[in-house]
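Next comes start-v9.cif, with mmCIF, C-alpha atoms and all ligand atoms.
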data_upload
#
loop_
_atom_site.label_atom_id
_atom_site.label_comp_id
_atom_site.auth_asym_id
_atom_site.auth_seq_id
_atom_site.Cartn_x
_atom_site.Cartn_y
_atom_site.Cartn_z
CA MET A 1 0.00 0.00 0.00
CA SER A 2 1.35 3.40 -0.92
CA LEU A 3 1.87 5.60 2.14
CA GLU A 4 0.38 8.50 0.18
CA LYS A 5 -2.93 6.63 0.07
CA ILE A 6 -3.19 5.91 3.81
CA LYS A 7 -6.25 7.56 5.32
CA HIS A 8 -5.05 9.68 8.18
CA TYR A 9 -7.35 10.75 11.03
CA PRO A 10 -6.03 13.58 13.19
CA VAL A 11 -7.07 12.39 16.66
CA MET A 12 -9.53 14.61 18.63
CA LEU A 13 -9.13 17.41 16.10
CA ASN A 14 -12.53 18.98 16.87
CA GLN A 15 -11.77 19.17 20.60
CA VAL A 16 -8.31 20.63 19.87
CA LEU A 17 -9.82 23.32 17.63
CA SER A 18 -12.52 24.23 20.11
CA ILE A 19 -9.93 24.61 22.91
CA ILE A 20 -7.46 26.72 20.93
CA SER A 21 -9.98 28.91 19.00
CA PRO A 22 -7.86 29.40 15.86
CA GLN A 23 -10.28 32.09 14.66
CA HIS A 24 -8.45 34.36 17.15
CA GLY A 25 -5.24 33.92 15.16
CA GLY A 26 -1.77 34.10 16.71
CA THR A 27 1.28 31.87 16.54
CA ILE A 28 0.52 28.21 17.10
CA VAL A 29 3.27 25.61 17.51
CA ASP A 30 2.47 22.07 16.35
CA CYS A 31 5.23 20.07 18.04
CA THR A 32 4.25 16.78 16.36
CA PHE A 33 3.39 17.53 12.71
CA GLY A 34 2.96 13.86 11.61
CA ALA A 35 0.76 13.84 8.52
CA GLY A 36 -0.04 17.50 9.14
CA GLY A 37 -3.70 17.03 10.11
CA TYR A 38 -3.65 19.62 12.93
CA SER A 39 -1.45 22.14 11.09
CA GLU A 40 -3.58 22.01 7.97
CA ALA A 41 -6.83 22.48 9.90
CA ILE A 42 -5.38 25.45 11.83
CA LEU A 43 -4.04 27.12 8.69
CA LYS A 44 -7.59 27.26 7.32
CA PHE A 45 -8.02 30.19 9.74
CA PRO A 46 -6.39 33.14 7.98
CA GLN A 47 -5.13 34.98 11.07
CA THR A 48 -2.99 32.04 12.25
CA LYS A 49 0.72 31.37 11.84
CA VAL A 50 1.91 27.80 12.35
CA ILE A 51 5.38 26.66 13.33
CA ALA A 52 5.55 22.87 13.01
CA ILE A 53 8.15 20.39 14.21
CA ASP A 54 8.69 16.68 13.67
CA ARG A 55 11.73 14.50 14.32
CA ASP A 56 10.88 12.26 11.35
CA LYS A 57 12.68 13.40 8.20
CA LEU A 58 10.16 11.60 5.97
CA VAL A 59 7.49 14.00 7.19
CA LYS A 60 9.08 16.96 5.41
CA GLN A 61 7.54 15.95 2.07
CA HIS A 62 4.06 16.49 3.61
CA ALA A 63 5.14 19.73 5.26
CA ASP A 64 6.52 21.04 1.94
CA LYS A 65 3.01 21.04 0.49
CA LEU A 66 1.84 23.37 3.26
CA THR A 67 4.93 25.58 2.91
CA LYS A 68 4.05 26.03 -0.76
CA LYS A 69 0.41 26.80 0.00
CA PHE A 70 1.03 29.13 2.97
CA PRO A 71 4.56 30.53 2.46
CA SER A 72 4.12 33.42 4.88
CA ARG A 73 2.17 31.56 7.57
CA PHE A 74 3.82 28.14 7.83
CA ASN A 75 7.31 27.01 8.82
CA PHE A 76 8.52 23.47 9.34
CA PHE A 77 11.57 22.16 11.21
CA THR A 78 12.95 18.61 11.38
CA GLU A 79 13.83 18.63 15.06
CA LYS A 80 13.00 16.97 18.38
CA PHE A 81 10.53 18.93 20.46
CA SER A 82 12.88 18.86 23.44
CA ASN A 83 14.77 21.44 21.33
CA LEU A 84 11.77 23.74 21.06
CA ASN A 85 13.88 26.65 22.31
CA LYS A 86 16.34 26.21 19.40
CA VAL A 87 13.48 26.39 16.90
CA ILE A 88 11.45 29.21 18.43
CA GLY A 89 14.23 31.31 19.96
CA ASN A 90 13.41 33.98 22.51
CA LYS A 91 11.65 36.46 20.26
CA ILE A 92 8.34 34.64 19.91
CA ASN A 93 5.89 33.73 22.66
CA PRO A 94 3.33 31.43 21.01
CA ARG A 95 -0.35 31.68 21.91
CA VAL A 96 -0.76 27.89 21.63
CA ILE A 97 1.59 24.89 21.81
CA ILE A 98 0.28 21.42 20.92
CA PHE A 99 1.74 17.95 21.43
CA ASP A 100 0.00 14.95 19.82
CA LEU A 101 2.29 12.22 21.15
CA GLY A 102 3.39 8.83 19.86
CA THR A 103 3.75 7.44 16.38
CA SER A 104 1.79 8.49 13.30
CA SER A 105 -0.16 6.13 11.05
CA LEU A 106 2.50 6.82 8.38
CA GLN A 107 5.18 5.41 10.69
CA LEU A 108 3.11 2.48 11.99
CA LEU A 109 2.10 1.27 8.55
CA ASP A 110 5.51 1.61 6.94
CA LYS A 111 6.76 -1.98 6.99
CA ASP A 112 10.36 -0.83 6.52
CA ARG A 113 10.46 0.83 9.92
CA GLY A 114 9.67 -2.08 12.22
CA PHE A 115 6.87 -0.52 14.30
CA SER A 116 4.28 -3.13 13.31
CA PHE A 117 4.13 -6.76 14.46
CA ASN A 118 4.29 -8.20 10.96
CA SER A 119 7.15 -6.14 9.59
CA LYS A 120 9.65 -8.43 7.87
CA ASN A 121 12.19 -5.73 7.17
CA ASN A 122 14.31 -3.71 9.59
CA LEU A 123 13.96 -3.86 13.36
CA ASP A 124 14.34 -0.07 13.69
CA MET A 125 11.37 1.54 15.50
CA GLU A 126 13.16 4.87 15.08
CA MET A 127 11.03 8.00 14.74
CA GLY A 128 14.05 9.98 13.59
CA LEU A 129 17.21 11.66 14.97
CA ASN A 130 17.96 8.56 17.09
CA ASN A 131 21.17 7.25 18.58
CA LEU A 132 20.21 3.60 18.51
CA SER A 133 17.67 1.22 17.01
CA ALA A 134 15.42 -1.52 18.33
CA TYR A 135 17.87 -3.98 16.72
CA ASP A 136 20.67 -2.70 18.99
CA VAL A 137 18.51 -2.92 22.11
CA ILE A 138 17.10 -6.38 21.38
CA ASN A 139 20.38 -7.94 20.25
CA THR A 140 23.01 -6.28 22.42
CA PHE A 141 21.48 -5.12 25.71
CA ASP A 142 22.14 -7.03 28.90
CA LYS A 143 19.28 -9.45 29.69
CA LYS A 144 18.56 -7.77 33.03
CA ASP A 145 18.39 -4.28 31.50
CA LEU A 146 16.11 -5.58 28.76
CA ALA A 147 13.78 -7.04 31.38
CA THR A 148 13.64 -3.71 33.26
CA ILE A 149 12.91 -1.76 30.07
CA ILE A 150 10.09 -4.13 29.12
CA LYS A 151 8.66 -4.19 32.65
CA VAL A 152 8.78 -0.45 33.34
CA LEU A 153 8.23 1.17 29.95
CA GLY A 154 5.81 -1.49 28.71
CA GLU A 155 4.12 -1.99 32.10
CA GLU A 156 4.55 -5.66 31.19
CA LYS A 157 4.49 -8.02 34.17
CA ASP A 158 6.27 -10.75 32.19
CA GLY A 159 9.29 -8.58 31.41
CA LYS A 160 11.74 -11.11 32.82
CA ILE A 161 10.26 -14.14 31.02
CA ILE A 162 10.23 -12.24 27.73
CA ALA A 163 13.82 -10.98 28.16
CA ASN A 164 14.95 -14.57 28.91
CA GLN A 165 13.30 -15.85 25.72
CA ILE A 166 14.83 -13.05 23.65
CA ASP A 167 18.23 -13.90 25.13
CA LYS A 168 17.79 -17.59 24.31
CA TYR A 169 16.96 -16.86 20.68
CA ARG A 170 19.62 -14.23 20.03
CA LYS A 171 22.33 -16.60 21.29
CA LYS A 172 21.58 -18.74 18.22
CA GLN A 173 21.22 -15.91 15.71
CA PRO A 174 20.43 -12.18 15.73
CA ILE A 175 16.74 -11.19 15.88
CA LYS A 176 16.42 -9.35 12.62
CA ASN A 177 12.84 -8.15 12.27
CA SER A 178 9.66 -7.27 14.15
CA GLU A 179 7.78 -10.36 12.99
CA GLN A 180 10.46 -12.57 14.57
CA LEU A 181 10.40 -10.51 17.76
CA ALA A 182 6.59 -10.66 18.01
CA TYR A 183 6.75 -14.45 17.55
CA ILE A 184 9.32 -14.85 20.36
CA ILE A 185 7.19 -12.74 22.71
CA LYS A 186 4.04 -14.68 21.86
CA ARG A 187 5.81 -17.94 22.73
CA ALA A 188 7.18 -16.47 25.96
CA LYS A 189 3.64 -15.53 27.02
CA LYS A 190 2.06 -18.78 25.87
CA ASN A 191 0.80 -19.79 29.31
CA TYR A 192 -1.19 -16.69 29.92
CA GLY A 193 -4.46 -17.49 28.16
CA ASN A 194 -6.15 -15.58 25.39
CA TYR A 195 -5.35 -11.98 24.71
CA LYS A 196 -7.67 -9.37 23.30
CA LYS A 197 -4.68 -7.56 21.88
CA ASN A 198 -1.46 -8.89 20.38
CA PRO A 199 0.62 -10.34 23.26
CA ALA A 200 3.62 -8.35 21.99
CA THR A 201 1.84 -4.97 22.36
CA GLN A 202 3.36 -3.99 25.71
CA THR A 203 6.89 -5.10 24.78
CA PHE A 204 6.77 -3.26 21.45
CA GLN A 205 5.60 -0.15 23.32
CA ALA A 206 8.51 -0.47 25.74
CA ILE A 207 11.16 -0.88 23.06
CA ARG A 208 9.74 1.96 20.97
CA ILE A 209 9.62 4.30 23.99
CA PHE A 210 13.19 3.38 24.91
CA VAL A 211 14.62 3.73 21.39
CA ASN A 212 13.04 7.17 21.00
CA LYS A 213 13.56 8.29 24.64
CA GLU A 214 9.91 9.28 24.54
CA LEU A 215 9.41 10.02 28.23
CA THR A 216 12.56 12.15 28.48
CA GLU A 217 11.39 14.00 25.36
CA LEU A 218 7.96 14.60 26.88
CA ILE A 219 9.37 15.87 30.19
CA SER A 220 11.73 18.29 28.40
CA GLY A 221 9.08 19.28 25.84
CA LEU A 222 6.60 20.29 28.56
CA ILE A 223 9.24 22.32 30.38
CA GLU A 224 10.48 24.09 27.23
CA ALA A 225 6.91 24.85 26.14
CA THR A 226 6.13 26.38 29.54
CA LYS A 227 9.18 28.65 29.24
CA ILE A 228 8.10 30.20 25.94
CA LEU A 229 4.30 30.13 26.02
CA SER A 230 2.69 33.57 26.22
CA SER A 231 0.75 34.58 29.30
CA ASN A 232 -2.79 33.15 28.86
CA GLY A 233 -1.30 30.85 26.20
CA ILE A 234 -2.70 27.33 25.91
CA LEU A 235 -0.71 24.12 26.25
CA VAL A 236 -2.51 21.09 24.77
CA VAL A 237 -1.29 17.49 25.05
CA VAL A 238 -2.86 14.40 23.50
CA SER A 239 -1.36 11.22 24.95
CA PHE A 240 -1.85 7.55 24.14
CA HIS A 241 -0.68 5.49 27.09
CA SER A 242 -0.74 5.69 30.85
CA LEU A 243 2.93 6.62 31.34
CA GLU A 244 2.56 9.68 29.09
CA ASP A 245 -0.72 10.70 30.70
CA LYS A 246 0.74 10.29 34.20
CA ILE A 247 3.57 12.69 33.30
CA VAL A 248 1.24 15.31 31.77
CA LYS A 249 -1.30 15.08 34.60
CA ASN A 250 1.38 15.46 37.26
CA PHE A 251 3.03 18.38 35.51
CA PHE A 252 -0.24 20.30 35.25
CA ASN A 253 -1.34 19.43 38.78
CA LEU A 254 2.00 20.27 40.40
CA TYR A 255 2.26 23.69 38.76
CA SER A 256 -1.35 24.83 38.76
CA SER A 257 -3.93 26.07 41.19
CA LEU A 258 -4.92 22.41 41.60
CA LYS A 259 -1.83 21.48 43.57
CA LYS A 260 -2.46 20.57 47.20
CA ASN A 261 -2.51 23.53 49.54
CA PRO A 262 1.04 23.95 50.79
CA SER A 263 1.58 23.73 54.51
CA ARG A 264 1.30 27.11 56.19
CA TYR A 265 4.53 26.26 58.04
CA LEU A 266 6.54 26.14 54.81
CA PRO A 267 8.88 29.10 54.32
CA LEU A 268 7.41 31.41 51.69
CA LYS A 269 10.27 30.84 49.26
CA GLU A 270 9.39 27.12 49.07
CA ILE A 271 5.84 27.75 47.90
CA THR A 272 5.96 27.45 44.10
CA PRO A 273 3.92 29.98 42.11
CA ASN A 274 1.28 28.59 39.78
CA LEU A 275 2.45 28.34 36.21
CA PHE A 276 -0.96 27.21 34.92
CA LYS A 277 -4.69 27.46 35.33
CA ILE A 278 -6.54 24.21 34.72
CA ILE A 279 -10.14 24.25 33.59
CA SER A 280 -10.88 20.55 33.90
CA LYS A 281 -9.11 18.03 36.11
CA LYS A 282 -10.43 15.16 34.00
CA PRO A 283 -8.92 14.43 30.59
CA PHE A 284 -11.05 14.71 27.45
CA ILE A 285 -11.52 11.51 25.46
CA PRO A 286 -12.62 10.86 21.85
CA SER A 287 -16.34 11.09 21.08
CA LEU A 288 -18.32 7.97 20.17
CA SER A 289 -18.56 9.11 16.57
CA GLU A 290 -14.76 9.52 16.38
CA LEU A 291 -14.30 6.04 17.87
CA LYS A 292 -16.63 4.62 15.25
CA GLU A 293 -14.58 6.16 12.48
CA ASN A 294 -11.12 5.63 13.91
CA ILE A 295 -10.84 2.89 16.53
CA SER A 296 -7.13 3.54 17.03
CA SER A 297 -8.05 6.78 18.82
CA ARG A 298 -9.54 4.74 21.69
CA SER A 299 -6.68 5.25 24.12
CA ALA A 300 -6.28 9.00 23.45
CA LYS A 301 -6.50 11.44 26.36
CA LEU A 302 -6.39 15.18 25.93
CA ARG A 303 -5.34 17.56 28.71
CA TYR A 304 -4.80 21.27 28.47
CA ALA A 305 -3.83 24.15 30.71
CA ILE A 306 -3.62 27.94 30.45
CA ARG A 307 -0.27 29.60 31.21
CA SER A 308 -0.39 32.14 34.03
CA SER A 309 1.59 35.37 33.91
CA ASN A 310 3.97 34.15 36.65
CA PRO A 311 7.61 33.94 35.54
CA PHE A 312 8.96 30.48 34.76
CA ILE A 313 10.48 28.52 37.64
CA TYR A 314 12.56 25.37 37.25
CA PRO A 315 10.11 22.50 37.95
CA GLU A 316 12.31 20.61 40.38
CA GLU A 317 9.58 18.54 42.01
CA PHE A 318 8.38 17.34 38.59
CA LYS A 319 11.91 16.47 37.45
CA ASN A 320 12.56 14.55 40.67
CA LYS A 321 9.28 12.68 40.45
CA PHE A 322 10.10 11.26 37.02
CA PHE A 323 13.87 10.98 37.41
CA ASN A 324 13.62 7.17 37.22
CA TYR A 325 12.19 7.24 33.70
CA GLU A 326 14.85 9.64 32.45
CA ASP A 327 17.55 7.56 34.09
CA LEU A 328 16.22 4.34 32.55
CA GLU A 329 15.99 5.91 29.09
CA LYS A 330 19.62 7.02 29.28
CA GLY A 331 20.42 3.35 28.72
CA THR A 332 22.47 1.12 30.90
CA SER A 333 24.00 -1.34 28.45
C1 LIG A 401 0.54 11.04 16.45
S1 LIG A 401 1.59 11.74 15.28
C2 LIG A 401 0.96 13.36 15.05
C3 LIG A 401 -0.18 13.44 14.09
C4 LIG A 401 -0.57 14.86 13.74
N1 LIG A 401 -1.19 15.55 14.85
C5 LIG A 401 -1.51 14.90 12.56
O1 LIG A 401 -2.63 15.40 12.71
O2 LIG A 401 -1.15 14.39 11.51
C6 LIG A 401 3.05 12.04 16.19
C7 LIG A 401 4.20 12.62 15.40
O3 LIG A 401 5.07 13.20 16.36
C8 LIG A 401 6.40 12.95 16.02
N2 LIG A 401 7.17 12.97 17.27
C9 LIG A 401 7.08 12.10 18.30
N3 LIG A 401 7.96 12.45 19.24
C10 LIG A 401 8.59 13.56 18.82
C11 LIG A 401 9.60 14.38 19.38
N4 LIG A 401 10.14 14.12 20.56
N5 LIG A 401 10.02 15.46 18.68
C12 LIG A 401 9.47 15.74 17.46
N6 LIG A 401 8.52 14.99 16.87
C13 LIG A 401 8.08 13.90 17.56
C14 LIG A 401 6.38 11.60 15.36
O4 LIG A 401 7.49 11.47 14.49
C15 LIG A 401 5.04 11.61 14.63
O5 LIG A 401 5.21 12.03 13.30
#

This entry written out as structure tokens:
Amino acid sequence: MSLEKIKHYPVMLNQVLSIISPQHGGTIVDCTFGAGGYSEAILKFPQTKVIAIDRDKLVKQHADKLTKKFPSRFNFFTEKFSNLNKVIGNKINPRVIIFDLGTSSLQLLDKDRGFSFNSKNNLDMEMGLNNLSAYDVINTFDKKDLATIIKVLGEEKDGKIIANQIDKYRKKQPIKNSEQLAYIIKRAKKNYGNYKKNPATQTFQAIRIFVNKELTELISGLIEATKILSSNGILVVVSFHSLEDKIVKNFFNLYSSLKKNPSRYLPLKEITPNLFKIISKKPFIPSLSELKENISSRSAKLRYAIRSSNPFIYPEEFKNKFFNYEDLEKGTS
């Protein structure tokens, strides 16, 4: 199937548009351009300017079409969103910054990239601008480290059993593609009854997160966005699994009016100022009609917050809380 022909559904687009009100114009940063669904919809509003980022170099061909159509209102950068400051600089304070996390349908369906269970080609799982591939992790990482990655980043209780099976296989010959890897995982989990989803789902998630340092990227991306967002600016995040949502939820709660009342005995300097206002504590989820049309949106959760006018403070509590994920993603083997 040609990638050009893949039907792409921008997840929760209507909710995103109603939160950011593009009719009011302003500079909007799309940190995860993908197939350009959000950027294209926003650019339909003539007062908007869009700065879009994606780490995947294959995405540029889609972005080029928008650059041609909107030369004065659209700019695209192949970059990781942890480097938002490099792209935006200190002259612009965007009115809106959006993250739509995870992989795009273009990446998932491209059999050459190893994201799907039946890919017979490379075991890459790289979104772009990576230091290592899934092949490196699966074939060269210490068995114990592999088990920890699968257990923590995949929330997979059988991390150890799966890592042992992978180790057994790779001693005979390298594990070369995703189909082989999915088969090994399925055999490792054979005693655990019937699965609604592919038994390799959690392990694939773990390896993909690790290869792309996705949690470290998210933590840095949120911090960088908070630094540059204008006062009253809107930060929108669409996440797809519980680790991502936990990070976003904690960040917003810790630095908003929702945080627990600090003890009155705390010295004043230790009371952190609110960086955000939160309108709803609960995440938004896709509507039934969206689910009917695009079932892969089922795990999406959207959270957003409004930047206060308080100056940026280094979010130490947040960094400390998720230090373990950043440390794990640094890689131990
Ligand atoms: C779910 S898709 C976005 C889809 C997009 N909203 C649309 O409507 O087409 C996520 C995209 O974000 C990109 N991405 C993920 N992590 C990134 C990061 N740390 N920096 C830059 N781009 C990233 C991926 O390469 C992928 O293309």

Within 7 Å of ligand LIG 401 (chain A) (all atoms listed in the file), residues as number ranges by chain: A: 8-11, 31-38, 53-56, 59, 79-82, 100-104, 127-128, 214, 217-218

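Here atom CA of Lys168 of chain A and atom CA of Glu156 of chain A stand 19.1 Å from one another.
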
Write out, as a tab-separated table, each residue of segment 209-248 of chain A that has an atom at most 10 Å from segment 13-21 of chain A, together with the closest pair of atoms and their distance in Å to one decimal, counting only C-alpha atoms, rows going by chain and rising number.
residue	atom	partner	partner_atom	distance
A:Gly233	CA	A:Ile20	CA	9.1
A:Ile234	CA	A:Ile20	CA	6.9
A:Leu235	CA	A:Ile20	CA	9.0
A:Val236	CA	A:Val16	CA	7.6
A:Val237	CA	A:Val16	CA	9.3
A:Val238	CA	A:Val16	CA	9.0

Report as JSON the centre and the edge lengths, in Å to one decimal, of the axis-aligned box holding every listed atom of segment 178-184 of chain A, padded by 4 Å on each side.
{"center_x": 8.5, "center_y": -11.1, "center_z": 16.7, "size_x": 11.9, "size_y": 15.6, "size_z": 15.4}

Residue neighbourhood Asn131 of chain A, 12 Å, all atoms listed in the file, exclusion window fewer than 6 positions, as a count of residues only: 10

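Residues lying within 6 Å of segment 46-52 of chain A, counting only C-alpha atoms and ignoring same-chain neighbours fewer than 6 positions away, are Gly25, Gly26, Thr27, Ile28, Val29, Asp30, Cys31, Phe33, Arg73, Phe74, Asn75 and Phe76 of chain A.
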
Å distance separating atom CA of Asn198 of chain A from atom CA of Lys186 of chain A, one decimal place: 8.1 Å

Shell around Gly114 of chain A at 12 Å using only C-alpha atoms, local window under 5 positions removed, as an MDAnalysis selection string: chainID A and resid 103 107:109 119:127 133:135 176:182 204:205 207:208 211

Using only C-alpha atoms: which of A:Phe240, A:Phe141, A:Tyr255, A:Phe322 has the shortest distance to Ile219 of chain A: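 For Ile219 of chain A, the nearest of the candidates is A:Phe322.
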
Straight-line distance linking atom CA of Lys321 of chain A with atom CA of Ser239 of chain A, stated in Å to one decimal: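 The value is 18.9 Å.
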
From A:Asp142, A:Leu84, A:Ser116, A:Glu155, residue lying nearest Ile97 of chain A [only C-alpha atoms]: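 Result for the nearest residue to Ile97 of chain A: A:Leu84.
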
Nearest to Asn294 of chain A, chosen from A:Ser105, A:Ser308, A:Asn253, A:Gln165, with only C-alpha atoms counted in the distances: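 Distance minimum relative to Asn294 of chain A lands on A:Ser105.
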
Complete segment 70-92 of chain A at the level of N, CA and C atoms, written as an mmCIF file, in the frame of the given file.
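Once everything was written out, this is part-v2.cif:
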data_model
loop_
_atom_site.group_PDB
_atom_site.id
_atom_site.type_symbol
_atom_site.label_atom_id
_atom_site.label_comp_id
_atom_site.auth_asym_id
_atom_site.auth_seq_id
_atom_site.Cartn_x
_atom_site.Cartn_y
_atom_site.Cartn_z
ATOM 1 N N PHE A 70 1.105 28.018 1.999
ATOM 2 C CA PHE A 70 1.030 29.130 2.970
ATOM 3 C C PHE A 70 2.439 29.663 3.265
ATOM 4 N N PRO A 71 3.147 30.200 2.238
ATOM 5 C CA PRO A 71 4.560 30.530 2.460
ATOM 6 C C PRO A 71 4.808 31.537 3.588
ATOM 7 N N SER A 72 3.850 32.418 3.846
ATOM 8 C CA SER A 72 4.120 33.420 4.880
ATOM 9 C C SER A 72 3.554 33.023 6.249
ATOM 10 N N ARG A 73 2.807 31.910 6.289
ATOM 11 C CA ARG A 73 2.170 31.560 7.570
ATOM 12 C C ARG A 73 2.582 30.201 8.107
ATOM 13 N N PHE A 74 3.458 29.486 7.371
ATOM 14 C CA PHE A 74 3.820 28.140 7.830
ATOM 15 C C PHE A 74 5.316 27.896 7.729
ATOM 16 N N ASN A 75 5.889 27.395 8.809
ATOM 17 C CA ASN A 75 7.310 27.010 8.820
ATOM 18 C C ASN A 75 7.457 25.637 9.430
ATOM 19 N N PHE A 76 8.317 24.830 8.825
ATOM 20 C CA PHE A 76 8.520 23.470 9.340
ATOM 21 C C PHE A 76 9.981 23.219 9.688
ATOM 22 N N PHE A 77 10.203 22.502 10.782
ATOM 23 C CA PHE A 77 11.570 22.160 11.210
ATOM 24 C C PHE A 77 11.657 20.667 11.532
ATOM 25 N N THR A 78 12.688 19.992 10.985
ATOM 26 C CA THR A 78 12.950 18.610 11.380
ATOM 27 C C THR A 78 13.796 18.669 12.641
ATOM 28 N N GLU A 79 13.161 18.433 13.766
ATOM 29 C CA GLU A 79 13.830 18.630 15.060
ATOM 30 C C GLU A 79 13.061 17.857 16.132
ATOM 31 N N LYS A 80 13.717 17.594 17.255
ATOM 32 C CA LYS A 80 13.000 16.970 18.380
ATOM 33 C C LYS A 80 12.366 18.092 19.193
ATOM 34 N N PHE A 81 11.189 17.828 19.760
ATOM 35 C CA PHE A 81 10.530 18.930 20.460
ATOM 36 C C PHE A 81 11.188 19.286 21.785
ATOM 37 N N SER A 82 12.104 18.453 22.248
ATOM 38 C CA SER A 82 12.880 18.860 23.440
ATOM 39 C C SER A 82 13.760 20.070 23.091
ATOM 40 N N ASN A 83 13.978 20.288 21.788
ATOM 41 C CA ASN A 83 14.770 21.440 21.330
ATOM 42 C C ASN A 83 13.906 22.601 20.862
ATOM 43 N N LEU A 84 12.715 22.682 21.408
ATOM 44 C CA LEU A 84 11.770 23.740 21.060
ATOM 45 C C LEU A 84 12.422 25.126 21.121
ATOM 46 N N ASN A 85 13.239 25.331 22.140
ATOM 47 C CA ASN A 85 13.880 26.650 22.310
ATOM 48 C C ASN A 85 14.770 27.010 21.123
ATOM 49 N N LYS A 86 15.462 25.974 20.562
ATOM 50 C CA LYS A 86 16.340 26.210 19.400
ATOM 51 C C LYS A 86 15.507 26.685 18.210
ATOM 52 N N VAL A 87 14.320 26.098 18.052
ATOM 53 C CA VAL A 87 13.480 26.390 16.900
ATOM 54 C C VAL A 87 12.801 27.755 17.058
ATOM 55 N N ILE A 88 12.278 28.013 18.226
ATOM 56 C CA ILE A 88 11.450 29.210 18.430
ATOM 57 C C ILE A 88 12.293 30.431 18.810
ATOM 58 N N GLY A 89 13.395 30.192 19.508
ATOM 59 C CA GLY A 89 14.230 31.310 19.960
ATOM 60 C C GLY A 89 13.539 32.075 21.080
ATOM 61 N N ASN A 90 14.055 33.264 21.395
ATOM 62 C CA ASN A 90 13.410 33.980 22.510
ATOM 63 C C ASN A 90 12.656 35.224 22.060
ATOM 64 N N LYS A 91 12.365 35.276 20.760
ATOM 65 C CA LYS A 91 11.650 36.460 20.260
ATOM 66 C C LYS A 91 10.152 36.221 20.141
ATOM 67 N N ILE A 92 9.765 34.930 20.104
ATOM 68 C CA ILE A 92 8.340 34.640 19.910
ATOM 69 C C ILE A 92 7.776 33.976 21.169
#
